[in-house]
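Visitor: upload22.pdb is reproduced in full below (PDB, C-alpha atoms and all ligand atoms).
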ATOM      1  CA  MET A   1      14.056 -12.137   2.281
ATOM      2  CA  THR A   2      11.048 -10.001   3.256
ATOM      3  CA  VAL A   3      11.829  -7.564   6.073
ATOM      4  CA  LEU A   4       8.847  -6.695   8.262
ATOM      5  CA  ALA A   5       8.387  -3.835  10.678
ATOM      6  CA  THR A   6       8.621  -5.419  14.120
ATOM      7  CA  VAL A   7       6.178  -4.727  16.909
ATOM      8  CA  SER A   8       7.159  -4.702  20.570
ATOM      9  CA  ALA A   9       5.500  -6.864  23.198
ATOM     10  CA  GLU A  10       5.272  -3.731  25.411
ATOM     11  CA  TRP A  11       3.216  -1.900  22.772
ATOM     12  CA  LEU A  12       0.864  -4.883  22.325
ATOM     13  CA  THR A  13       0.369  -5.074  26.097
ATOM     14  CA  LEU A  14      -0.255  -1.335  26.376
ATOM     15  CA  ARG A  15      -2.924  -1.374  23.688
ATOM     16  CA  GLY A  16      -4.455  -4.705  24.764
ATOM     17  CA  GLU A  17      -7.358  -3.353  26.828
ATOM     18  CA  ALA A  18      -8.336  -0.677  24.300
ATOM     19  CA  ASP A  19      -8.239  -3.325  21.561
ATOM     20  CA  ALA A  20     -10.436  -5.685  23.572
ATOM     21  CA  ARG A  21     -12.993  -2.927  24.155
ATOM     22  CA  ALA A  22     -12.997  -1.825  20.525
ATOM     23  CA  ARG A  23     -13.271  -5.129  18.619
ATOM     24  CA  SER A  24     -16.781  -5.833  17.360
ATOM     25  CA  ARG A  25     -18.725  -8.451  19.325
ATOM     26  CA  THR A  26     -21.518  -8.130  16.774
ATOM     27  CA  LEU A  27     -19.200  -9.566  14.141
ATOM     28  CA  VAL A  28     -18.152 -12.312  16.581
ATOM     29  CA  ASP A  29     -21.842 -13.309  16.756
ATOM     30  CA  GLU A  30     -21.861 -13.385  12.934
ATOM     31  CA  LEU A  31     -18.828 -15.645  13.012
ATOM     32  CA  ALA A  32     -20.123 -17.944  15.768
ATOM     33  CA  HIS A  33     -23.385 -18.339  13.852
ATOM     34  CA  ARG A  34     -21.396 -19.760  10.909
ATOM     35  CA  LEU A  35     -19.281 -22.219  12.879
ATOM     36  CA  GLY A  36     -20.336 -25.755  13.708
ATOM     37  CA  ASP A  37     -20.184 -27.537  17.059
ATOM     38  CA  GLY A  38     -16.466 -28.118  16.625
ATOM     39  CA  PRO A  39     -13.875 -29.077  17.408
ATOM     40  CA  LEU A  40     -12.818 -25.885  15.630
ATOM     41  CA  ILE A  41      -9.440 -25.104  14.110
ATOM     42  CA  VAL A  42      -8.890 -21.335  14.114
ATOM     43  CA  HIS A  43      -6.019 -19.732  12.195
ATOM     44  CA  ASP A  44      -4.871 -16.404  13.704
ATOM     45  CA  LEU A  45      -2.733 -14.437  11.232
ATOM     46  CA  GLY A  46      -0.158 -11.994  12.583
ATOM     47  CA  SER A  47      -1.067 -13.339  16.014
ATOM     48  CA  GLY A  48       1.727 -11.515  17.839
ATOM     49  CA  SER A  49       1.540 -12.510  21.502
ATOM     50  CA  GLY A  50      -1.894 -14.134  21.095
ATOM     51  CA  ALA A  51      -4.263 -11.322  22.136
ATOM     52  CA  MET A  52      -6.937 -12.266  19.595
ATOM     53  CA  MET A  53      -7.092 -15.844  20.882
ATOM     54  CA  ARG A  54      -7.402 -14.644  24.497
ATOM     55  CA  TRP A  55     -10.227 -12.300  23.498
ATOM     56  CA  LEU A  56     -12.141 -14.454  21.001
ATOM     57  CA  ALA A  57     -11.779 -18.053  22.209
ATOM     58  CA  PRO A  58     -13.947 -17.578  25.358
ATOM     59  CA  GLN A  59     -16.709 -16.104  23.177
ATOM     60  CA  LEU A  60     -16.984 -19.324  21.128
ATOM     61  CA  ARG A  61     -18.667 -22.274  22.816
ATOM     62  CA  ALA A  62     -17.146 -25.045  20.723
ATOM     63  CA  PRO A  63     -13.880 -26.804  21.623
ATOM     64  CA  GLN A  64     -11.018 -25.145  19.764
ATOM     65  CA  ARG A  65      -7.448 -25.477  18.622
ATOM     66  CA  TRP A  66      -5.657 -22.337  17.435
ATOM     67  CA  VAL A  67      -2.766 -21.994  15.016
ATOM     68  CA  LEU A  68      -0.892 -18.758  15.742
ATOM     69  CA  HIS A  69       0.843 -17.587  12.560
ATOM     70  CA  ASP A  70       3.477 -14.860  12.726
ATOM     71  CA  ALA A  71       6.714 -14.092  10.915
ATOM     72  CA  ASP A  72       8.384 -12.876  14.108
ATOM     73  CA  PRO A  73       9.536 -15.724  16.399
ATOM     74  CA  GLN A  74      10.405 -13.244  19.155
ATOM     75  CA  ILE A  75       6.883 -11.864  19.454
ATOM     76  CA  LEU A  76       5.446 -15.399  19.306
ATOM     77  CA  GLY A  77       7.778 -16.207  22.205
ATOM     78  CA  THR A  78       6.076 -13.590  24.414
ATOM     79  CA  ARG A  79       2.789 -15.549  24.550
ATOM     80  CA  ASP A  80       1.207 -15.691  28.004
ATOM     81  CA  PRO A  81       1.496 -19.398  28.999
ATOM     82  CA  SER A  82      -1.601 -19.356  31.240
ATOM     83  CA  PRO A  83      -4.492 -21.424  29.856
ATOM     84  CA  VAL A  84      -7.213 -19.922  27.653
ATOM     85  CA  LEU A  85     -10.697 -21.395  28.137
ATOM     86  CA  ASP A  86     -13.433 -21.704  25.544
ATOM     87  CA  GLY A  87     -17.034 -20.633  26.240
ATOM     88  CA  GLN A  88     -17.700 -23.964  27.995
ATOM     89  CA  GLY A  89     -14.642 -23.791  30.202
ATOM     90  CA  GLN A  90     -12.473 -26.250  28.273
ATOM     91  CA  VAL A  91      -8.797 -25.468  27.722
ATOM     92  CA  VAL A  92      -8.042 -24.190  24.226
ATOM     93  CA  GLY A  93      -5.052 -25.774  22.467
ATOM     94  CA  SER A  94      -2.649 -23.622  20.476
ATOM     95  CA  GLN A  95       0.499 -23.979  18.433
ATOM     96  CA  PRO A  96       2.763 -21.302  16.954
ATOM     97  CA  SER A  97       3.644 -21.272  13.276
ATOM     98  CA  ILE A  98       6.536 -19.057  12.195
ATOM     99  CA  GLU A  99       5.830 -17.942   8.634
ATOM    100  CA  GLN A 100       5.623 -15.004   6.285
ATOM    101  CA  LEU A 101       2.185 -14.323   4.855
ATOM    102  CA  GLY A 102       3.913 -13.780   1.521
ATOM    103  CA  ASP A 103       4.559 -17.542   1.489
ATOM    104  CA  LEU A 104       0.965 -18.536   2.313
ATOM    105  CA  GLY A 105      -0.178 -21.423   0.140
ATOM    106  CA  ARG A 106      -3.644 -21.735  -1.371
ATOM    107  CA  ASP A 107      -4.280 -24.819   0.784
ATOM    108  CA  ALA A 108      -3.021 -23.233   4.033
ATOM    109  CA  PHE A 109      -6.450 -23.313   5.722
ATOM    110  CA  HIS A 110      -7.774 -26.618   4.364
ATOM    111  CA  GLY A 111      -9.375 -28.470   7.258
ATOM    112  CA  GLY A 112      -9.687 -25.194   9.205
ATOM    113  CA  SER A 113     -12.885 -23.688  10.619
ATOM    114  CA  ALA A 114     -12.132 -19.942  10.672
ATOM    115  CA  VAL A 115      -9.397 -17.458   9.840
ATOM    116  CA  VAL A 116      -8.965 -14.407  12.050
ATOM    117  CA  ALA A 117      -6.543 -11.526  12.551
ATOM    118  CA  SER A 118      -6.326  -8.384  14.634
ATOM    119  CA  ALA A 119      -4.340  -5.246  13.800
ATOM    120  CA  LEU A 120      -2.810  -6.912  10.775
ATOM    121  CA  LEU A 121      -4.397  -5.903   7.455
ATOM    122  CA  ASP A 122      -3.010  -2.343   7.402
ATOM    123  CA  VAL A 123       0.593  -3.570   7.682
ATOM    124  CA  ILE A 124       0.468  -6.102   4.848
ATOM    125  CA  THR A 125       0.664  -5.709   1.068
ATOM    126  CA  GLU A 126      -2.048  -6.168  -1.542
ATOM    127  CA  ASN A 127      -0.314  -9.357  -2.673
ATOM    128  CA  GLU A 128      -0.337 -10.776   0.875
ATOM    129  CA  ALA A 129      -4.020  -9.825   1.216
ATOM    130  CA  ARG A 130      -4.742 -11.665  -2.031
ATOM    131  CA  LEU A 131      -2.947 -14.793  -0.768
ATOM    132  CA  ILE A 132      -5.018 -14.695   2.434
ATOM    133  CA  VAL A 133      -8.308 -14.237   0.572
ATOM    134  CA  ASN A 134      -7.434 -16.958  -1.941
ATOM    135  CA  ALA A 135      -6.597 -19.382   0.876
ATOM    136  CA  CYS A 136      -9.858 -18.558   2.719
ATOM    137  CA  VAL A 137     -11.895 -19.016  -0.469
ATOM    138  CA  SER A 138     -10.125 -22.265  -1.299
ATOM    139  CA  ALA A 139     -10.891 -23.642   2.194
ATOM    140  CA  GLY A 140     -14.372 -22.062   2.491
ATOM    141  CA  THR A 141     -13.453 -20.758   5.968
ATOM    142  CA  PRO A 142     -15.192 -17.591   7.230
ATOM    143  CA  ALA A 143     -12.749 -14.783   8.004
ATOM    144  CA  LEU A 144     -12.911 -12.136  10.747
ATOM    145  CA  PHE A 145     -10.314  -9.378  10.610
ATOM    146  CA  SER A 146     -10.433  -6.905  13.518
ATOM    147  CA  LEU A 147      -8.940  -3.484  14.083
ATOM    148  CA  SER A 148      -7.467  -2.324  10.793
ATOM    149  CA  VAL A 149      -6.700   1.384  10.879
ATOM    150  CA  SER A 150      -9.230   3.465   8.956
ATOM    151  CA  GLY A 151      -7.154   6.650   8.838
ATOM    152  CA  GLN A 152      -9.729   8.676  10.778
ATOM    153  CA  VAL A 153      -8.419  10.369  13.905
ATOM    154  CA  LEU A 154     -10.249  12.874  16.058
ATOM    155  CA  LEU A 155      -8.610  14.828  18.852
ATOM    156  CA  ASP A 156     -10.706  16.916  21.218
ATOM    157  CA  PRO A 157      -9.879  19.795  21.456
ATOM    158  CA  GLY A 158      -8.982  19.910  17.781
ATOM    159  CA  TYR A 159      -6.526  22.150  15.898
ATOM    160  CA  PRO A 160      -5.779  22.662  12.188
ATOM    161  CA  ALA A 161      -2.393  20.959  12.720
ATOM    162  CA  ASP A 162      -4.217  17.687  13.467
ATOM    163  CA  GLU A 163      -5.133  17.419   9.794
ATOM    164  CA  HIS A 164      -1.561  17.984   8.622
ATOM    165  CA  PHE A 165      -0.186  15.300  10.936
ATOM    166  CA  GLY A 166      -3.109  12.983  10.100
ATOM    167  CA  ALA A 167      -2.621  13.261   6.332
ATOM    168  CA  ALA A 168       1.122  12.670   6.604
ATOM    169  CA  PHE A 169       0.559   9.715   8.964
ATOM    170  CA  ASN A 170      -1.877   8.113   6.515
ATOM    171  CA  ASP A 171       0.635   8.535   3.682
ATOM    172  CA  HIS A 172       3.222   6.902   5.936
ATOM    173  CA  GLN A 173       0.870   3.968   6.490
ATOM    174  CA  ARG A 174       0.686   3.473   2.703
ATOM    175  CA  ARG A 175       4.465   3.790   2.240
ATOM    176  CA  VAL A 176       6.762   1.409   0.445
ATOM    177  CA  ALA A 177       8.858  -0.279   3.173
ATOM    178  CA  ASP A 178      11.714  -2.520   2.018
ATOM    179  CA  GLY A 179      10.070  -2.853  -1.380
ATOM    180  CA  ARG A 180       6.632  -3.667   0.083
ATOM    181  CA  ARG A 181       3.755  -1.205  -0.471
ATOM    182  CA  LEU A 182       1.621  -1.395   2.688
ATOM    183  CA  LEU A 183      -2.181  -1.201   2.497
ATOM    184  CA  GLY A 184      -2.535   1.207   5.425
ATOM    185  CA  PRO A 185      -6.000   2.776   5.686
ATOM    186  CA  ASP A 186      -7.058   1.174   2.372
ATOM    187  CA  ALA A 187      -6.794  -2.334   3.831
ATOM    188  CA  VAL A 188     -10.409  -3.113   4.677
ATOM    189  CA  ARG A 189     -11.731  -1.684   1.417
ATOM    190  CA  VAL A 190      -9.217  -3.747  -0.586
ATOM    191  CA  VAL A 191      -9.854  -6.992   1.310
ATOM    192  CA  ALA A 192     -13.646  -6.530   1.287
ATOM    193  CA  ARG A 193     -13.544  -6.033  -2.485
ATOM    194  CA  MET A 194     -11.469  -9.204  -2.949
ATOM    195  CA  PHE A 195     -13.981 -11.280  -0.975
ATOM    196  CA  ALA A 196     -16.949  -9.674  -2.748
ATOM    197  CA  THR A 197     -15.346 -10.398  -6.133
ATOM    198  CA  ALA A 198     -15.086 -14.044  -5.065
ATOM    199  CA  GLY A 199     -18.858 -13.971  -4.448
ATOM    200  CA  TRP A 200     -18.618 -13.911  -0.631
ATOM    201  CA  SER A 201     -20.827 -11.909   1.729
ATOM    202  CA  VAL A 202     -19.011  -9.136   3.576
ATOM    203  CA  ARG A 203     -19.961  -7.016   6.580
ATOM    204  CA  GLU A 204     -17.927  -4.151   8.035
ATOM    205  CA  LEU A 205     -18.252  -2.096  11.213
ATOM    206  CA  ASP A 206     -16.363   0.872  12.637
ATOM    207  CA  THR A 207     -14.496  -0.116  15.807
ATOM    208  CA  PRO A 208     -12.569   2.943  17.008
ATOM    209  CA  TRP A 209     -10.473   3.299  20.107
ATOM    210  CA  ARG A 210     -12.098   5.972  22.285
ATOM    211  CA  LEU A 211      -9.372   7.089  24.663
ATOM    212  CA  GLY A 212     -10.392   9.314  27.540
ATOM    213  CA  PRO A 213      -8.397  10.781  30.436
ATOM    214  CA  ASP A 214      -7.943   7.364  32.071
ATOM    215  CA  GLU A 215      -6.025   6.062  29.049
ATOM    216  CA  SER A 216      -3.410   8.817  29.002
ATOM    217  CA  THR A 217      -0.430   6.408  28.910
ATOM    218  CA  LEU A 218      -1.736   4.751  25.753
ATOM    219  CA  SER A 219      -2.764   8.111  24.270
ATOM    220  CA  ALA A 220       0.704   9.572  24.901
ATOM    221  CA  GLU A 221       2.455   6.589  23.329
ATOM    222  CA  TRP A 222       0.052   6.571  20.374
ATOM    223  CA  LEU A 223       0.501  10.346  19.883
ATOM    224  CA  ALA A 224       4.289  10.049  19.862
ATOM    225  CA  GLY A 225       4.079   7.304  17.227
ATOM    226  CA  TRP A 226       1.492   9.205  15.166
ATOM    227  CA  VAL A 227       3.502  12.419  15.083
ATOM    228  CA  GLY A 228       6.813  10.565  14.646
ATOM    229  CA  ALA A 229       5.525   8.684  11.589
ATOM    230  CA  ALA A 230       4.071  11.913  10.154
ATOM    231  CA  VAL A 231       7.452  13.669  10.490
ATOM    232  CA  GLU A 232       9.261  10.697   8.964
ATOM    233  CA  GLN A 233       6.910  10.984   5.995
ATOM    234  CA  ARG A 234       7.030  14.790   5.739
ATOM    235  CA  PRO A 235      10.211  16.110   7.406
ATOM    236  CA  GLU A 236       8.988  19.712   6.994
ATOM    237  CA  LEU A 237       6.515  18.996   9.839
ATOM    238  CA  ASP A 238       9.458  18.556  12.220
ATOM    239  CA  SER A 239       9.616  22.222  13.263
ATOM    240  CA  ALA A 240       5.971  22.184  14.417
ATOM    241  CA  ALA A 241       6.051  18.692  15.930
ATOM    242  CA  GLY A 242       7.876  19.508  19.184
ATOM    243  CA  ARG A 243       5.480  22.295  20.183
ATOM    244  CA  TYR A 244       2.463  20.277  19.099
ATOM    245  CA  LEU A 245       3.477  17.251  21.173
ATOM    246  CA  ALA A 246       4.299  19.408  24.204
ATOM    247  CA  LEU A 247       0.830  20.985  24.055
ATOM    248  CA  ARG A 248      -0.874  17.605  23.695
ATOM    249  CA  ARG A 249       1.141  16.168  26.617
ATOM    250  CA  THR A 250       0.139  19.100  28.803
ATOM    251  CA  GLN A 251      -3.500  18.448  27.917
ATOM    252  CA  LEU A 252      -3.111  14.743  28.709
ATOM    253  CA  ALA A 253      -1.631  15.587  32.109
ATOM    254  CA  ALA A 254      -4.566  17.957  32.752
ATOM    255  CA  ARG A 255      -7.042  15.224  31.691
ATOM    256  CA  SER A 256      -8.418  17.582  29.059
ATOM    257  CA  LEU A 257      -7.649  15.636  25.870
ATOM    258  CA  SER A 258      -9.611  12.788  24.327
ATOM    259  CA  VAL A 259      -8.550  10.829  21.277
ATOM    260  CA  THR A 260     -10.574   8.731  18.866
ATOM    261  CA  VAL A 261      -8.524   6.477  16.588
ATOM    262  CA  GLY A 262     -10.529   4.957  13.763
ATOM    263  CA  HIS A 263     -10.452   1.215  13.083
ATOM    264  CA  ARG A 264     -12.668  -1.057  11.066
ATOM    265  CA  ASP A 265     -13.572  -4.741  11.513
ATOM    266  CA  VAL A 266     -14.627  -6.908   8.592
ATOM    267  CA  ILE A 267     -16.117 -10.382   8.340
ATOM    268  CA  ALA A 268     -16.534 -12.405   5.164
ATOM    269  CA  TRP A 269     -18.199 -15.745   4.582
ATOM    270  CA  PRO A 270     -19.183 -17.902   1.601
ATOM    271  CA  GLN A 271     -22.782 -17.319   0.483
TER     272      GLN A 271
HETATM  273  C1  LIG B 301       0.261  -4.965  15.189
HETATM  274  S1  LIG B 301       0.780  -6.600  15.484
HETATM  275  C2  LIG B 301      -0.760  -7.351  16.012
HETATM  276  C3  LIG B 301      -0.532  -8.556  16.895
HETATM  277  C4  LIG B 301      -1.805  -9.226  17.438
HETATM  278  N1  LIG B 301      -2.663  -9.694  16.359
HETATM  279  C5  LIG B 301      -2.552  -8.289  18.349
HETATM  280  O1  LIG B 301      -3.651  -7.845  17.971
HETATM  281  O2  LIG B 301      -2.053  -7.998  19.453
HETATM  282  C6  LIG B 301       0.965  -7.275  13.857
HETATM  283  C7  LIG B 301       1.632  -8.656  13.856
HETATM  284  O3  LIG B 301       1.626  -9.163  12.524
HETATM  285  C8  LIG B 301       2.888  -9.725  12.214
HETATM  286  N2  LIG B 301       3.069  -9.555  10.762
HETATM  287  C9  LIG B 301       3.044  -8.389  10.083
HETATM  288  N3  LIG B 301       3.218  -8.606   8.769
HETATM  289  C10 LIG B 301       3.359  -9.944   8.617
HETATM  290  C11 LIG B 301       3.573 -10.799   7.493
HETATM  291  N4  LIG B 301       3.665 -10.300   6.254
HETATM  292  N5  LIG B 301       3.682 -12.130   7.695
HETATM  293  C12 LIG B 301       3.574 -12.646   8.960
HETATM  294  N6  LIG B 301       3.375 -11.889  10.057
HETATM  295  C13 LIG B 301       3.266 -10.568   9.895
HETATM  296  C14 LIG B 301       3.889  -8.928  13.055
HETATM  297  O4  LIG B 301       5.063  -9.689  13.319
HETATM  298  C15 LIG B 301       3.083  -8.641  14.312
HETATM  299  O5  LIG B 301       3.264  -9.613  15.300
END
Would you mind writing the structure in this file as structure tokens?
Ligand SMILES: C[S@@+](CC[C@H](N)C(=O)[O-])C[C@H]1O[C@@H](n2cnc3c(N)ncnc32)[C@H](O)[C@@H]1O
Guide:
Amino acid sequence: MTVLATVSAEWLTLRGEADARARSRTLVDELAHRLGDGPLIVHDLGSGSGAMMRWLAPQLRAPQRWVLHDADPQILGTRDPSPVLDGQGQVVGSQPSIEQLGDLGRDAFHGGSAVVASALLDVITENEARLIVNACVSAGTPALFSLSVSGQVLLDPGYPADEHFGAAFNDHQRRVADGRRLLGPDAVRVVARMFATAGWSVRELDTPWRLGPDESTLSAEWLAGWVGAAVEQRPELDSAAGRYLALRRTQLAARSLSVTVGHRDVIAWPQ
């Protein structure tokens, strides 16, 4: 059985506002332009607690039904039960689907209108990405994948240690976990190439988090995870990590640290 890294509902809630600000609305316009009058069936892969549906559904005018795919029944169970409205004020229907992307069939999206995901591509394997692309191509459904990590991180003020932690973190993102090699920061490049090879049009945009002094809770949590993953990957960084984190936390408390975390959004559609 495939074992996946689990994500906590608390972390998804904490990052929710920064995600909503960062995702590309330009690429949503590209998507909307390619959808008919509906009713639409939208497949959300790695939906977690449903943040992508809450963000995207109101931006689409057509009536919609969403299928929320995730391997983790617990995270699916944390969905906010309050209604989501489409761009015309109609309630959007949704249904969960507990499944591993590694089991995705070629016909999984037949009859669907669009396939979307947010914060997913960097935590899947090349094989899972291929199954997704094959299923999109087979169904002819445009695909919008938001917020895959790009590996670029900028802290202001910056120090040489940032690069050491950043490089180790990116290696950690590409690690083999339970026999699965994760795409990490290569995800968008890999997926874009798969769609282009299938003859589809592809557009990408940078969609970083820009975290200022008002987002210090998210910055602190992100920093702890960033440094923790770097140390897990390169244990020799452990001796520097404590001092580094203490300094960064002091700067956060003094409102003198800003953090930019690189992400990339990608849309693909049949020509
Ligand atoms: C970082 S969370 C993003 C959740 C949500 N899309 C959001 O933006 O808040 C990634 C989600 O993908 C799911 N996931 C990761 N790998 C998966 C796989 N191979 N098959 C199915 N679900 C997967 C995880 O369970 C998790 O809920």
Visitor: What does the list of residues within 8 Å of ligand LIG 301 (chain B) look like if you count only C-alpha atoms and all ligand atoms, written as a count of residues only?
Guide: 39
Visitor: With the PyMOL selection byres (((chain A and resi 31) around 8) and not hetatm) as the selection, what would be picked from this file? Answer as a ChimeraX atom specification, please.
Guide: /A:27-30,32-35,142-144,267
Visitor: Within 9 Å of Pro213 of chain A, counting only C-alpha atoms, which residues show up once you throw out same-chain ones fewer than 5 positions away? Write them as a PyMOL selection string, please.
Guide: chain A and resi 219+252-258
Visitor: Would you please work out which residue, of A:Thr197, A:Asn127, A:Ser146, A:Gln251, is nearest to Ser216 of chain A when using only C-alpha atoms?
Guide: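 Result for the nearest residue to Ser216 of chain A: A:Gln251.
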Visitor: Residues at most 8 Å from Leu245 of chain A, counting only C-alpha atoms, excluding those fewer than 6 positions away in the same chain, as number ranges by chain?
Guide: A: 223-224, 227
Visitor: Rank nothing, just name the residue among A:Gln64, A:Asn134, A:Ser148, A:Ser239 nearest to Gln88 of chain A, using all atoms listed in the file.
Guide: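 That would be A:Gln64, the residue with the smallest distance to Gln88 of chain A.
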Visitor: Compare A:Val191, A:Gln152, A:Gln233, A:Asp107 by their minimum atom-to-atom distance to Ala177 of chain A, counting all atoms listed in the file, and give me the closest one.
Guide: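 Of A:Val191, A:Gln152, A:Gln233, A:Asp107, the one nearest Ala177 of chain A is A:Gln233, counting all atoms listed in the file.
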Visitor: Using all atoms listed in the file, what residues lie at most 6 Å away from (-12.5, 10.7, 25.5) (file coordinates), given as a PyMOL selection string?
Guide: chain A and resi 210-212+258-259
Visitor: Between atom CA of Gly87 of chain A and atom CA of Val116 of chain A, what is the distance, to one decimal in Å?
Guide: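 Taking atom CA of Gly87 of chain A as the start and atom CA of Val116 of chain A as the end point, the length is 17.5 Å.
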Visitor: Rounded to one decimal in Å, what is the spacing between atom CA of Met53 of chain A and atom CA of Ala114 of chain A?
Guide: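 Computing it gives 12.1 Å between the two atoms.
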